[in-house]
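Okay, start.cif is below, mmCIF, C-alpha atoms, pLDDT in the B column; chains and numbers go by the auth columns:
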data_input
#
loop_
_atom_site.group_PDB
_atom_site.id
_atom_site.type_symbol
_atom_site.label_atom_id
_atom_site.label_comp_id
_atom_site.label_asym_id
_atom_site.label_seq_id
_atom_site.Cartn_x
_atom_site.Cartn_y
_atom_site.Cartn_z
_atom_site.B_iso_or_equiv
_atom_site.auth_seq_id
_atom_site.auth_asym_id
ATOM 1 C CA MET A 1 3.891 -48.805 -117.998 74.00 1 A
ATOM 2 C CA GLY A 2 6.220 -49.565 -115.111 94.00 2 A
ATOM 3 C CA ALA A 3 7.985 -47.323 -112.612 97.00 3 A
ATOM 4 C CA ILE A 4 11.433 -45.823 -113.089 97.00 4 A
ATOM 5 C CA ASP A 5 12.867 -46.847 -109.729 98.00 5 A
ATOM 6 C CA LEU A 6 15.515 -44.314 -108.699 98.00 6 A
ATOM 7 C CA ALA A 7 16.965 -46.891 -106.309 97.00 7 A
ATOM 8 C CA THR A 8 18.207 -48.835 -109.338 97.00 8 A
ATOM 9 C CA ALA A 9 17.962 -46.439 -112.325 97.00 9 A
ATOM 10 C CA SER A 10 20.897 -44.548 -113.797 97.00 10 A
ATOM 11 C CA TRP A 11 20.893 -40.786 -114.262 97.00 11 A
ATOM 12 C CA ARG A 12 20.329 -41.364 -117.956 97.00 12 A
ATOM 13 C CA ASP A 13 17.252 -43.514 -117.259 97.00 13 A
ATOM 14 C CA ALA A 14 15.893 -40.773 -115.016 97.00 14 A
ATOM 15 C CA GLY A 15 16.675 -38.076 -117.583 97.00 15 A
ATOM 16 C CA GLU A 16 14.891 -39.877 -120.391 97.00 16 A
ATOM 17 C CA ALA A 17 11.801 -40.315 -118.231 97.00 17 A
ATOM 18 C CA ILE A 18 11.807 -36.661 -117.158 97.00 18 A
ATOM 19 C CA THR A 19 12.202 -35.536 -120.760 97.00 19 A
ATOM 20 C CA CYS A 20 9.076 -37.530 -121.574 96.00 20 A
ATOM 21 C CA GLY A 21 7.135 -35.756 -118.799 97.00 21 A
ATOM 22 C CA ALA A 22 7.241 -38.373 -116.059 98.00 22 A
ATOM 23 C CA TRP A 23 5.748 -37.495 -112.681 98.00 23 A
ATOM 24 C CA ALA A 24 7.496 -38.446 -109.427 98.00 24 A
ATOM 25 C CA VAL A 25 6.098 -40.489 -106.533 98.00 25 A
ATOM 26 C CA LEU A 26 7.589 -39.971 -103.062 98.00 26 A
ATOM 27 C CA PRO A 27 6.735 -42.414 -100.236 98.00 27 A
ATOM 28 C CA VAL A 28 6.943 -40.918 -96.744 98.00 28 A
ATOM 29 C CA GLY A 29 7.192 -43.273 -93.793 98.00 29 A
ATOM 30 C CA ALA A 30 8.434 -43.337 -90.216 98.00 30 A
ATOM 31 C CA LEU A 31 10.599 -45.332 -87.833 98.00 31 A
ATOM 32 C CA GLU A 32 8.373 -46.225 -84.901 98.00 32 A
ATOM 33 C CA GLN A 33 7.233 -49.168 -82.817 98.00 33 A
ATOM 34 C CA HIS A 34 4.663 -51.597 -84.192 98.00 34 A
ATOM 35 C CA GLY A 35 4.188 -54.101 -81.400 98.00 35 A
ATOM 36 C CA TYR A 36 6.273 -57.161 -80.632 98.00 36 A
ATOM 37 C CA HIS A 37 5.750 -58.854 -84.007 98.00 37 A
ATOM 38 C CA LEU A 38 6.510 -56.147 -86.580 98.00 38 A
ATOM 39 C CA PRO A 39 9.654 -54.145 -87.384 98.00 39 A
ATOM 40 C CA LEU A 40 10.061 -50.450 -86.699 98.00 40 A
ATOM 41 C CA THR A 41 10.073 -49.774 -90.454 98.00 41 A
ATOM 42 C CA VAL A 42 6.416 -50.741 -91.079 98.00 42 A
ATOM 43 C CA ASP A 43 5.210 -47.280 -92.112 98.00 43 A
ATOM 44 C CA THR A 44 8.059 -46.888 -94.598 98.00 44 A
ATOM 45 C CA ASP A 45 7.660 -50.425 -95.961 98.00 45 A
ATOM 46 C CA LEU A 46 3.925 -49.996 -96.515 98.00 46 A
ATOM 47 C CA ALA A 47 4.217 -46.521 -98.032 98.00 47 A
ATOM 48 C CA SER A 48 6.909 -47.828 -100.390 98.00 48 A
ATOM 49 C CA GLY A 49 4.743 -50.767 -101.453 98.00 49 A
ATOM 50 C CA VAL A 50 1.718 -48.615 -102.219 98.00 50 A
ATOM 51 C CA ALA A 51 3.868 -45.954 -103.914 98.00 51 A
ATOM 52 C CA ARG A 52 5.354 -48.615 -106.190 98.00 52 A
ATOM 53 C CA GLY A 53 1.884 -49.638 -107.319 98.00 53 A
ATOM 54 C CA ILE A 54 1.051 -46.012 -108.116 98.00 54 A
ATOM 55 C CA ALA A 55 4.345 -45.383 -109.931 98.00 55 A
ATOM 56 C CA ASP A 56 3.987 -48.592 -111.951 98.00 56 A
ATOM 57 C CA ALA A 57 0.557 -47.511 -113.172 98.00 57 A
ATOM 58 C CA LEU A 58 1.710 -43.970 -114.004 98.00 58 A
ATOM 59 C CA GLY A 59 5.114 -44.835 -115.461 97.00 59 A
ATOM 60 C CA ALA A 60 6.462 -42.395 -112.880 98.00 60 A
ATOM 61 C CA LEU A 61 9.771 -41.894 -111.127 98.00 61 A
ATOM 62 C CA LEU A 62 9.653 -43.868 -107.871 98.00 62 A
ATOM 63 C CA LEU A 63 11.786 -42.027 -105.324 98.00 63 A
ATOM 64 C CA PRO A 64 13.462 -43.776 -102.391 98.00 64 A
ATOM 65 C CA ALA A 65 11.279 -43.303 -99.327 98.00 65 A
ATOM 66 C CA ILE A 66 11.758 -40.764 -96.580 98.00 66 A
ATOM 67 C CA ALA A 67 12.291 -43.322 -93.821 98.00 67 A
ATOM 68 C CA TYR A 68 11.715 -41.061 -90.816 98.00 68 A
ATOM 69 C CA GLY A 69 8.675 -39.018 -89.842 98.00 69 A
ATOM 70 C CA ASP A 70 6.949 -37.135 -87.053 98.00 70 A
ATOM 71 C CA ALA A 71 6.429 -40.077 -84.680 98.00 71 A
ATOM 72 C CA TRP A 72 6.458 -38.111 -81.427 97.00 72 A
ATOM 73 C CA ASN A 73 3.427 -39.870 -79.948 96.00 73 A
ATOM 74 C CA ASN A 74 5.224 -43.225 -80.080 97.00 74 A
ATOM 75 C CA SER A 75 8.508 -42.007 -78.626 96.00 75 A
ATOM 76 C CA GLY A 76 7.606 -43.605 -75.292 96.00 76 A
ATOM 77 C CA PHE A 77 8.479 -46.937 -76.949 98.00 77 A
ATOM 78 C CA LEU A 78 12.221 -47.422 -77.356 97.00 78 A
ATOM 79 C CA GLY A 79 13.476 -47.692 -80.932 98.00 79 A
ATOM 80 C CA THR A 80 11.167 -44.975 -82.236 98.00 80 A
ATOM 81 C CA ILE A 81 13.069 -42.083 -83.825 98.00 81 A
ATOM 82 C CA SER A 82 11.041 -38.965 -84.584 98.00 82 A
ATOM 83 C CA LEU A 83 11.708 -35.911 -86.721 98.00 83 A
ATOM 84 C CA LYS A 84 10.439 -32.479 -85.767 98.00 84 A
ATOM 85 C CA PRO A 85 7.558 -31.416 -88.036 98.00 85 A
ATOM 86 C CA GLU A 86 9.614 -28.546 -89.441 98.00 86 A
ATOM 87 C CA THR A 87 12.442 -30.971 -90.290 98.00 87 A
ATOM 88 C CA LEU A 88 10.131 -33.248 -92.265 98.00 88 A
ATOM 89 C CA LYS A 89 8.577 -30.257 -94.016 98.00 89 A
ATOM 90 C CA ALA A 90 12.056 -29.034 -94.988 98.00 90 A
ATOM 91 C CA ILE A 91 13.008 -32.440 -96.407 98.00 91 A
ATOM 92 C CA VAL A 92 9.862 -32.622 -98.545 98.00 92 A
ATOM 93 C CA LEU A 93 10.491 -29.042 -99.691 98.00 93 A
ATOM 94 C CA ASP A 94 14.078 -29.772 -100.698 98.00 94 A
ATOM 95 C CA ILE A 95 13.097 -32.879 -102.640 98.00 95 A
ATOM 96 C CA GLY A 96 10.244 -31.063 -104.370 98.00 96 A
ATOM 97 C CA ARG A 97 12.485 -28.153 -105.328 98.00 97 A
ATOM 98 C CA GLU A 98 15.041 -30.525 -106.827 98.00 98 A
ATOM 99 C CA LEU A 99 12.327 -32.248 -108.852 98.00 99 A
ATOM 100 C CA ARG A 100 11.091 -28.879 -110.123 98.00 100 A
ATOM 101 C CA ARG A 101 14.656 -27.890 -111.041 98.00 101 A
ATOM 102 C CA MET A 102 14.944 -31.043 -113.142 97.00 102 A
ATOM 103 C CA GLY A 103 11.663 -30.389 -114.920 97.00 103 A
ATOM 104 C CA VAL A 104 9.354 -32.874 -113.177 98.00 104 A
ATOM 105 C CA PRO A 105 5.826 -31.413 -113.505 97.00 105 A
ATOM 106 C CA VAL A 106 4.036 -33.170 -110.617 98.00 106 A
ATOM 107 C CA MET A 107 5.121 -34.770 -107.353 98.00 107 A
ATOM 108 C CA VAL A 108 2.810 -37.290 -105.704 98.00 108 A
ATOM 109 C CA THR A 109 3.490 -37.887 -102.018 98.00 109 A
ATOM 110 C CA LEU A 110 2.217 -41.142 -100.518 98.00 110 A
ATOM 111 C CA ASN A 111 2.110 -40.841 -96.752 98.00 111 A
ATOM 112 C CA GLY A 112 2.218 -43.930 -94.552 98.00 112 A
ATOM 113 C CA HIS A 113 2.101 -42.280 -91.123 97.00 113 A
ATOM 114 C CA PHE A 114 -0.567 -40.076 -89.541 95.00 114 A
ATOM 115 C CA GLY A 115 1.872 -37.660 -87.891 96.00 115 A
ATOM 116 C CA ASN A 116 3.324 -36.691 -91.282 98.00 116 A
ATOM 117 C CA ARG A 117 0.128 -35.247 -92.675 97.00 117 A
ATOM 118 C CA GLU A 118 0.500 -31.641 -91.558 97.00 118 A
ATOM 119 C CA PRO A 119 4.214 -31.235 -92.502 98.00 119 A
ATOM 120 C CA ILE A 120 3.558 -32.713 -95.954 98.00 120 A
ATOM 121 C CA ALA A 121 0.494 -30.532 -96.528 98.00 121 A
ATOM 122 C CA LEU A 122 2.411 -27.388 -95.539 98.00 122 A
ATOM 123 C CA ALA A 123 5.299 -28.310 -97.851 98.00 123 A
ATOM 124 C CA ALA A 124 2.832 -28.969 -100.673 98.00 124 A
ATOM 125 C CA ARG A 125 1.303 -25.524 -100.218 97.00 125 A
ATOM 126 C CA ILE A 126 4.712 -23.862 -100.515 98.00 126 A
ATOM 127 C CA LEU A 127 5.789 -25.973 -103.491 98.00 127 A
ATOM 128 C CA GLN A 128 2.535 -25.258 -105.294 96.00 128 A
ATOM 129 C CA GLY A 129 3.245 -21.546 -104.896 97.00 129 A
ATOM 130 C CA GLU A 130 6.697 -22.088 -106.383 97.00 130 A
ATOM 131 C CA GLY A 131 5.367 -23.809 -109.478 97.00 131 A
ATOM 132 C CA LEU A 132 5.485 -27.529 -108.669 98.00 132 A
ATOM 133 C CA LYS A 133 2.148 -29.314 -108.688 98.00 133 A
ATOM 134 C CA VAL A 134 1.783 -31.628 -105.677 98.00 134 A
ATOM 135 C CA VAL A 135 -0.771 -34.362 -105.010 98.00 135 A
ATOM 136 C CA HIS A 136 -0.542 -35.487 -101.377 97.00 136 A
ATOM 137 C CA LEU A 137 -2.242 -38.790 -100.600 98.00 137 A
ATOM 138 C CA ASP A 138 -2.625 -40.985 -97.530 96.00 138 A
ATOM 139 C CA TYR A 139 -4.455 -44.301 -97.852 97.00 139 A
ATOM 140 C CA PRO A 140 -7.807 -43.284 -99.371 97.00 140 A
ATOM 141 C CA GLY A 141 -10.665 -45.680 -98.755 96.00 141 A
ATOM 142 C CA LEU A 142 -8.758 -47.696 -96.149 98.00 142 A
ATOM 143 C CA GLU A 143 -11.525 -47.700 -93.556 97.00 143 A
ATOM 144 C CA ALA A 144 -14.056 -49.168 -96.004 97.00 144 A
ATOM 145 C CA LEU A 145 -11.521 -51.679 -97.339 98.00 145 A
ATOM 146 C CA ALA A 146 -10.651 -52.830 -93.819 98.00 146 A
ATOM 147 C CA ALA A 147 -14.334 -53.308 -92.977 97.00 147 A
ATOM 148 C CA GLU A 148 -14.784 -55.404 -96.116 98.00 148 A
ATOM 149 C CA ILE A 149 -11.598 -57.507 -95.954 98.00 149 A
ATOM 150 C CA CYS A 150 -10.594 -57.883 -92.316 98.00 150 A
ATOM 151 C CA ASP A 151 -12.154 -60.114 -89.646 98.00 151 A
ATOM 152 C CA SER A 152 -11.229 -58.066 -86.576 98.00 152 A
ATOM 153 C CA PRO A 153 -12.608 -54.625 -85.691 97.00 153 A
ATOM 154 C CA PRO A 154 -10.283 -51.622 -85.462 97.00 154 A
ATOM 155 C CA ALA A 155 -9.272 -50.323 -82.052 97.00 155 A
ATOM 156 C CA GLY A 156 -10.919 -47.024 -82.944 93.00 156 A
ATOM 157 C CA PRO A 157 -12.555 -45.408 -85.987 92.00 157 A
ATOM 158 C CA GLY A 158 -9.926 -45.139 -88.695 91.00 158 A
ATOM 159 C CA PHE A 159 -7.189 -46.179 -86.246 95.00 159 A
ATOM 160 C CA PHE A 160 -4.982 -48.915 -87.727 97.00 160 A
ATOM 161 C CA HIS A 161 -1.678 -49.626 -86.016 98.00 161 A
ATOM 162 C CA ALA A 162 0.145 -52.989 -85.843 98.00 162 A
ATOM 163 C CA ASP A 163 -3.251 -54.636 -86.245 98.00 163 A
ATOM 164 C CA GLU A 164 -4.764 -56.955 -88.839 98.00 164 A
ATOM 165 C CA VAL A 165 -4.553 -54.261 -91.522 98.00 165 A
ATOM 166 C CA GLU A 166 -0.876 -53.379 -91.173 98.00 166 A
ATOM 167 C CA THR A 167 0.202 -56.939 -90.361 98.00 167 A
ATOM 168 C CA SER A 168 -1.585 -58.341 -93.422 98.00 168 A
ATOM 169 C CA MET A 169 0.014 -55.702 -95.649 98.00 169 A
ATOM 170 C CA MET A 170 3.434 -56.557 -94.211 98.00 170 A
ATOM 171 C CA LEU A 171 2.805 -60.269 -94.817 98.00 171 A
ATOM 172 C CA ALA A 172 2.174 -59.376 -98.464 98.00 172 A
ATOM 173 C CA LEU A 173 5.228 -57.112 -98.801 98.00 173 A
ATOM 174 C CA ARG A 174 7.850 -58.318 -96.298 98.00 174 A
ATOM 175 C CA PRO A 175 6.792 -61.698 -94.868 98.00 175 A
ATOM 176 C CA ASP A 176 10.335 -62.390 -93.663 98.00 176 A
ATOM 177 C CA SER A 177 10.064 -59.493 -91.207 98.00 177 A
ATOM 178 C CA VAL A 178 6.802 -60.574 -89.548 98.00 178 A
ATOM 179 C CA ARG A 179 6.939 -62.744 -86.405 98.00 179 A
ATOM 180 C CA MET A 180 3.390 -63.962 -85.988 98.00 180 A
ATOM 181 C CA GLU A 181 4.349 -66.115 -83.006 98.00 181 A
ATOM 182 C CA LYS A 182 4.866 -62.869 -81.082 98.00 182 A
ATOM 183 C CA ALA A 183 1.602 -61.236 -82.173 98.00 183 A
ATOM 184 C CA VAL A 184 -0.791 -60.208 -79.410 98.00 184 A
ATOM 185 C CA ALA A 185 -4.110 -58.402 -79.479 98.00 185 A
ATOM 186 C CA GLU A 186 -4.713 -55.251 -77.472 98.00 186 A
ATOM 187 C CA TYR A 187 -7.749 -52.985 -77.457 98.00 187 A
ATOM 188 C CA PRO A 188 -6.768 -50.186 -75.095 97.00 188 A
ATOM 189 C CA VAL A 189 -9.216 -47.763 -73.554 96.00 189 A
ATOM 190 C CA PHE A 190 -8.594 -44.395 -75.191 96.00 190 A
ATOM 191 C CA PRO A 191 -8.480 -41.459 -72.751 96.00 191 A
ATOM 192 C CA ALA A 192 -11.417 -39.066 -72.948 96.00 192 A
ATOM 193 C CA THR A 193 -9.078 -36.315 -74.189 96.00 193 A
ATOM 194 C CA PHE A 194 -7.450 -38.406 -76.918 94.00 194 A
ATOM 195 C CA GLY A 195 -7.239 -36.338 -80.101 90.00 195 A
ATOM 196 C CA ILE A 196 -7.679 -32.978 -78.402 95.00 196 A
ATOM 197 C CA GLU A 197 -4.337 -32.835 -76.564 95.00 197 A
ATOM 198 C CA PRO A 198 -0.834 -34.194 -77.213 94.00 198 A
ATOM 199 C CA MET A 199 -0.241 -37.540 -75.508 96.00 199 A
ATOM 200 C CA GLN A 200 2.078 -40.521 -75.632 96.00 200 A
ATOM 201 C CA LEU A 201 0.435 -43.766 -76.772 97.00 201 A
ATOM 202 C CA SER A 202 2.528 -45.680 -74.230 97.00 202 A
ATOM 203 C CA ALA A 203 0.544 -43.933 -71.476 96.00 203 A
ATOM 204 C CA PHE A 204 -2.436 -46.201 -72.152 97.00 204 A
ATOM 205 C CA ASN A 205 -1.068 -49.037 -74.304 97.00 205 A
ATOM 206 C CA GLN A 206 1.382 -51.730 -73.249 97.00 206 A
ATOM 207 C CA SER A 207 2.195 -53.766 -76.362 98.00 207 A
ATOM 208 C CA GLY A 208 2.085 -51.052 -79.022 97.00 208 A
ATOM 209 C CA VAL A 209 -0.677 -52.962 -80.855 98.00 209 A
ATOM 210 C CA PHE A 210 -4.061 -51.350 -81.449 98.00 210 A
ATOM 211 C CA GLY A 211 -6.432 -54.135 -82.471 98.00 211 A
ATOM 212 C CA ASP A 212 -5.872 -57.801 -83.278 98.00 212 A
ATOM 213 C CA PRO A 213 -3.124 -58.858 -85.712 98.00 213 A
ATOM 214 C CA CYS A 214 -3.745 -62.591 -85.254 98.00 214 A
ATOM 215 C CA PRO A 215 -6.210 -63.108 -88.186 98.00 215 A
ATOM 216 C CA SER A 216 -3.754 -61.464 -90.624 98.00 216 A
ATOM 217 C CA THR A 217 -2.928 -63.119 -93.966 98.00 217 A
ATOM 218 C CA ALA A 218 -0.868 -62.172 -96.999 98.00 218 A
ATOM 219 C CA ASP A 219 -3.947 -62.480 -99.218 98.00 219 A
ATOM 220 C CA LYS A 220 -5.780 -59.868 -97.149 98.00 220 A
ATOM 221 C CA GLY A 221 -2.693 -57.681 -97.412 98.00 221 A
ATOM 222 C CA ARG A 222 -2.588 -57.946 -101.195 98.00 222 A
ATOM 223 C CA ARG A 223 -6.290 -57.039 -101.400 98.00 223 A
ATOM 224 C CA LEU A 224 -5.798 -54.057 -99.098 98.00 224 A
ATOM 225 C CA ILE A 225 -2.802 -52.785 -101.071 98.00 225 A
ATOM 226 C CA GLY A 226 -4.595 -53.275 -104.390 98.00 226 A
ATOM 227 C CA GLY A 227 -7.630 -51.394 -103.119 98.00 227 A
ATOM 228 C CA ILE A 228 -5.552 -48.513 -101.767 98.00 228 A
ATOM 229 C CA VAL A 229 -3.602 -48.221 -105.024 98.00 229 A
ATOM 230 C CA ALA A 230 -6.837 -48.200 -107.020 98.00 230 A
ATOM 231 C CA ALA A 231 -8.294 -45.468 -104.792 98.00 231 A
ATOM 232 C CA CYS A 232 -5.098 -43.406 -105.135 98.00 232 A
ATOM 233 C CA LEU A 233 -5.182 -43.713 -108.916 98.00 233 A
ATOM 234 C CA ALA A 234 -8.823 -42.608 -108.947 98.00 234 A
ATOM 235 C CA GLN A 235 -7.897 -39.492 -106.961 98.00 235 A
ATOM 236 C CA ILE A 236 -4.970 -38.816 -109.297 98.00 236 A
ATOM 237 C CA GLU A 237 -7.275 -39.139 -112.304 97.00 237 A
ATOM 238 C CA SER A 238 -9.622 -36.584 -110.720 97.00 238 A
ATOM 239 C CA TYR A 239 -6.634 -34.286 -110.244 96.00 239 A
ATOM 240 C CA ARG A 240 -5.590 -34.748 -113.886 95.00 240 A
ATOM 241 C CA SER A 241 -9.083 -33.904 -115.077 95.00 241 A
ATOM 242 C CA GLN A 242 -9.395 -30.886 -112.794 94.00 242 A
ATOM 243 C CA HIS A 243 -6.056 -29.463 -113.979 92.00 243 A
ATOM 244 C CA ARG A 244 -6.361 -30.743 -117.589 92.00 244 A
ATOM 245 C CA LEU A 245 -3.041 -32.607 -117.400 90.00 245 A
#

What does this structure look like when you write it as structure tokens?
Amino acid sequence: MGAIDLATASWRDAGEAITCGAWAVLPVGALEQHGYHLPLTVDTDLASGVARGIADALGALLLPAIAYGDAWNNSGFLGTISLKPETLKAIVLDIGRELRRMGVPVMVTLNGHFGNREPIALAARILQGEGLKVVHLDYPGLEALAAEICDSPPAGPGFFHADEVETSMMLALRPDSVRMEKAVAEYPVFPATFGIEPMQLSAFNQSGVFGDPCPSTADKGRRLIGGIVAACLAQIESYRSQHRL
């Protein structure tokens, strides 16, 4: 069907789509370090790429991404800019309320950064109570896809950061921004209390890489993105069936 990209559409294009019942897809990223070889915008770039695949399949409004997120745990690396969780929640709320005002029936959020999960989920709960249906997705099925497609192991279960997964996806989406000659592998030892207390990743990681980006290829990236999009669409179809949309 094709997305209605609000980065290029006119107000009339948007209005016609909304009148026909179009949903909206909102990518949510972050500005944080991703090693020596990747730009700070990785999470936003990847979320935007996956969101475009979803919006294309749904014929939905594709919103410009929220380019900042709750990246506190990477703020030990210079260049990272983090929002407070309540700030991100407020931004998602404001966007959702504007979509509801215009008559959009459902907002799909596609999150590209772990730290954004709680603020998005809290905003979704509020918006749902106000009458806007919200489907909030991360990257469903990523762990299984990575095990099938990638050659290197993750640094930790479900932990993908500046590694073969993210680097391959960036090679598929923004190859001009990837500097493979600067790629290094790092498998840091996670502290025993990782995950049960707040901590800066720079306290136990030097490069900002978790895993090995060196085997990355654009073909792997395209397969990963395609698999994530397919898994997202399957979850959306379950949501449609559950709510009889």

>> Report, in Å to a single decimal, how far apart atom CA of Gly221 of chain A and atom CA of Val106 of chain A are.
In response: 28.6 Å

>> I'd like to see the residues matched by the PyMOL selection byres ((chain A and resi 86) around 12) on this file, and ideally I'd get them as a list in words.
In response: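 With the PyMOL selection byres ((chain A and resi 86) around 12) on this model, the match is Gly69, Asp70, Ser82, Leu83, Lys84, Pro85, Thr87, Leu88, Lys89, Ala90, Ile91, Val92, Leu93, Asn116, Glu118, Pro119, Ile120, Ala121, Leu122 and Ala123 of chain A.
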
For the selection just defined, write its residues with C-alpha atoms to a file, as a compact mmCIF listing (two decimals), keeping the file's coordinate frame.
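Everything below was put into again21.txt:
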# COMPACT_ATOMS: atom_id res chain seq x y z
CA GLY A 69 8.68 -39.02 -89.84
CA ASP A 70 6.95 -37.14 -87.05
CA SER A 82 11.04 -38.97 -84.58
CA LEU A 83 11.71 -35.91 -86.72
CA LYS A 84 10.44 -32.48 -85.77
CA PRO A 85 7.56 -31.42 -88.04
CA THR A 87 12.44 -30.97 -90.29
CA LEU A 88 10.13 -33.25 -92.26
CA LYS A 89 8.58 -30.26 -94.02
CA ALA A 90 12.06 -29.03 -94.99
CA ILE A 91 13.01 -32.44 -96.41
CA VAL A 92 9.86 -32.62 -98.54
CA LEU A 93 10.49 -29.04 -99.69
CA ASN A 116 3.32 -36.69 -91.28
CA GLU A 118 0.50 -31.64 -91.56
CA PRO A 119 4.21 -31.24 -92.50
CA ILE A 120 3.56 -32.71 -95.95
CA ALA A 121 0.49 -30.53 -96.53
CA LEU A 122 2.41 -27.39 -95.54
CA ALA A 123 5.30 -28.31 -97.85

> segment 207-212 of chain A: which residues within 6 Å, counting only C-alpha atoms, same-chain residues fewer than 2 positions away excluded, as a PyMOL selection string?
Replying inline: chain A and resi 34-35+154-155+161-164+185-187+214

Next, the residues of the selection above should be written as a compact mmCIF listing (two decimals), keeping the file's coordinate frame with C-alpha atoms.
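The new file selection.txt reads:
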# COMPACT_ATOMS: atom_id res chain seq x y z
CA HIS A 34 4.66 -51.60 -84.19
CA GLY A 35 4.19 -54.10 -81.40
CA PRO A 154 -10.28 -51.62 -85.46
CA ALA A 155 -9.27 -50.32 -82.05
CA HIS A 161 -1.68 -49.63 -86.02
CA ALA A 162 0.14 -52.99 -85.84
CA ASP A 163 -3.25 -54.64 -86.24
CA GLU A 164 -4.76 -56.96 -88.84
CA ALA A 185 -4.11 -58.40 -79.48
CA GLU A 186 -4.71 -55.25 -77.47
CA TYR A 187 -7.75 -52.98 -77.46
CA CYS A 214 -3.74 -62.59 -85.25

> Using all atoms listed in the file, which of the listed residues (A:His136, A:Arg117, A:Lys220, A:Arg100) sits closest to Val25 of chain A?
Replying inline: A:His136

Env of Met199 of chain A: 12 Å cut, atoms = all atoms listed in the file, seq-sep filter 2 positions within chain, self excluded. Answer as a PDB file with C-alpha atoms, in the frame of the given file.
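In the end it all went to part37.pdb:
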ATOM      1  CA  ALA A  71       6.429 -40.077 -84.680  1.00 98.00           C
ATOM      2  CA  TRP A  72       6.458 -38.111 -81.427  1.00 97.00           C
ATOM      3  CA  ASN A  73       3.427 -39.870 -79.948  1.00 96.00           C
ATOM      4  CA  ASN A  74       5.224 -43.225 -80.080  1.00 97.00           C
ATOM      5  CA  SER A  75       8.508 -42.007 -78.626  1.00 96.00           C
ATOM      6  CA  GLY A  76       7.606 -43.605 -75.292  1.00 96.00           C
ATOM      7  CA  PHE A 190      -8.594 -44.395 -75.191  1.00 96.00           C
ATOM      8  CA  PRO A 191      -8.480 -41.459 -72.751  1.00 96.00           C
ATOM      9  CA  ALA A 192     -11.417 -39.066 -72.948  1.00 96.00           C
ATOM     10  CA  THR A 193      -9.078 -36.315 -74.189  1.00 96.00           C
ATOM     11  CA  PHE A 194      -7.450 -38.406 -76.918  1.00 94.00           C
ATOM     12  CA  GLY A 195      -7.239 -36.338 -80.101  1.00 90.00           C
ATOM     13  CA  ILE A 196      -7.679 -32.978 -78.402  1.00 95.00           C
ATOM     14  CA  GLU A 197      -4.337 -32.835 -76.564  1.00 95.00           C
ATOM     15  CA  LEU A 201       0.435 -43.766 -76.772  1.00 97.00           C
ATOM     16  CA  SER A 202       2.528 -45.680 -74.230  1.00 97.00           C
ATOM     17  CA  ALA A 203       0.544 -43.933 -71.476  1.00 96.00           C
ATOM     18  CA  PHE A 204      -2.436 -46.201 -72.152  1.00 97.00           C
ATOM     19  CA  ASN A 205      -1.068 -49.037 -74.304  1.00 97.00           C
TER      20      ASN A 205
END

>> Using all atoms listed in the file, can you tell me which of A:Met1, A:Cys150, A:Ala183, A:Ala60 comes closest to Ala24 of chain A?
In response: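 Among the listed residues, A:Ala60 lies closest to Ala24 of chain A.
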